[in-house]
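Working notes, beginning with the structure itself.
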Amino acid sequence: KNLKLSNIKKKYLEQIIKRYKLEFIILGFDSKIKKILQYKKSCIEVMDTGPACRTINILLSEGRLVGALIFPIQN
């Protein structure tokens with residue numbers, strides 16, 4: 001089943017954070033898509049794909065409990 005942008009709900013992401021005891025989830029998207037998703041006052045961070053990959057690597061190297069949903073950059 002393909003993951004569609006319209007299926008990414010804040011409530012679902014918050015359930016993942018709670019279940020896996022994550023500090024937060026990083027969502028990495030193409031900058032055009034990033035503007036569509038705005039999660040205020042939550043443990044969900046939306047950023048461009050490149051910075052999201054770098055950030056998740058840094059946080060994991062620090063031993064932080066984080067998750068990520070990274071989408072490829074579209075040409």
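Following the order of the structure tokens, chains are lettered A, B, ..., residues in each are numbered from 1, and ligands are numbered from 1.
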- Task: List the neighbours of Phe24 in chain A out to 7 Å using only C-alpha atoms; skip same-chain residues closer than 3 positions along the sequence, and give me the result as a ChimeraX atom specification.
- Result: /A:17,43-44,66-67
Go ahead and save the picked residues with N, CA and C atoms, as a compact mmCIF listing (two decimals), in the first residue's frame.
```txt
# COMPACT_ATOMS: atom_id res chain seq x y z
N ILE A 17 4.76 8.05 18.58
CA ILE A 17 5.65 8.65 19.58
C ILE A 17 5.40 8.01 20.95
N CYS A 43 5.39 17.10 19.07
CA CYS A 43 6.71 16.47 19.00
C CYS A 43 7.00 16.02 17.58
N ILE A 44 6.46 16.74 16.61
CA ILE A 44 6.63 16.39 15.20
C ILE A 44 7.33 17.54 14.51
N VAL A 66 14.45 8.90 18.75
CA VAL A 66 13.69 9.64 17.74
C VAL A 66 13.32 8.71 16.60
N GLY A 67 12.30 9.08 15.87
CA GLY A 67 11.90 8.35 14.68
C GLY A 67 11.92 9.29 13.50
```
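Reported to one decimal place, the separation of CA of Gly28 in chain A from CA of Gly50 in chain A is 7.5 Å.
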- Message: Residues near Pro51 in chain A, anyone? I mean within 12 Å using only C-alpha atoms, not counting same-chain ones fewer than 3 positions away, as an MDAnalysis selection string.
- Response: chainID A and resid 26:31 45:48 54:58 68 70:71 73
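Taking CA of Gly63 in chain A and CA of Ile8 in chain A as endpoints, the distance between them is 26.3 Å.
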- Might you pull out every residue within 9 Å of Arg64 in chain A, with only C-alpha atoms counted and same-chain residues fewer than 5 positions away left off, and present them as a list in words?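 Everything that qualifies: Leu22, Glu23, Ile58 and Leu59 of chain A.
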- Between CA of Lys9 in chain A and CA of Glu62 in chain A - distance in Å to one decimal: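 So the two atoms, CA of Glu62 in chain A and CA of Lys9 in chain A, lie 28.0 Å apart.
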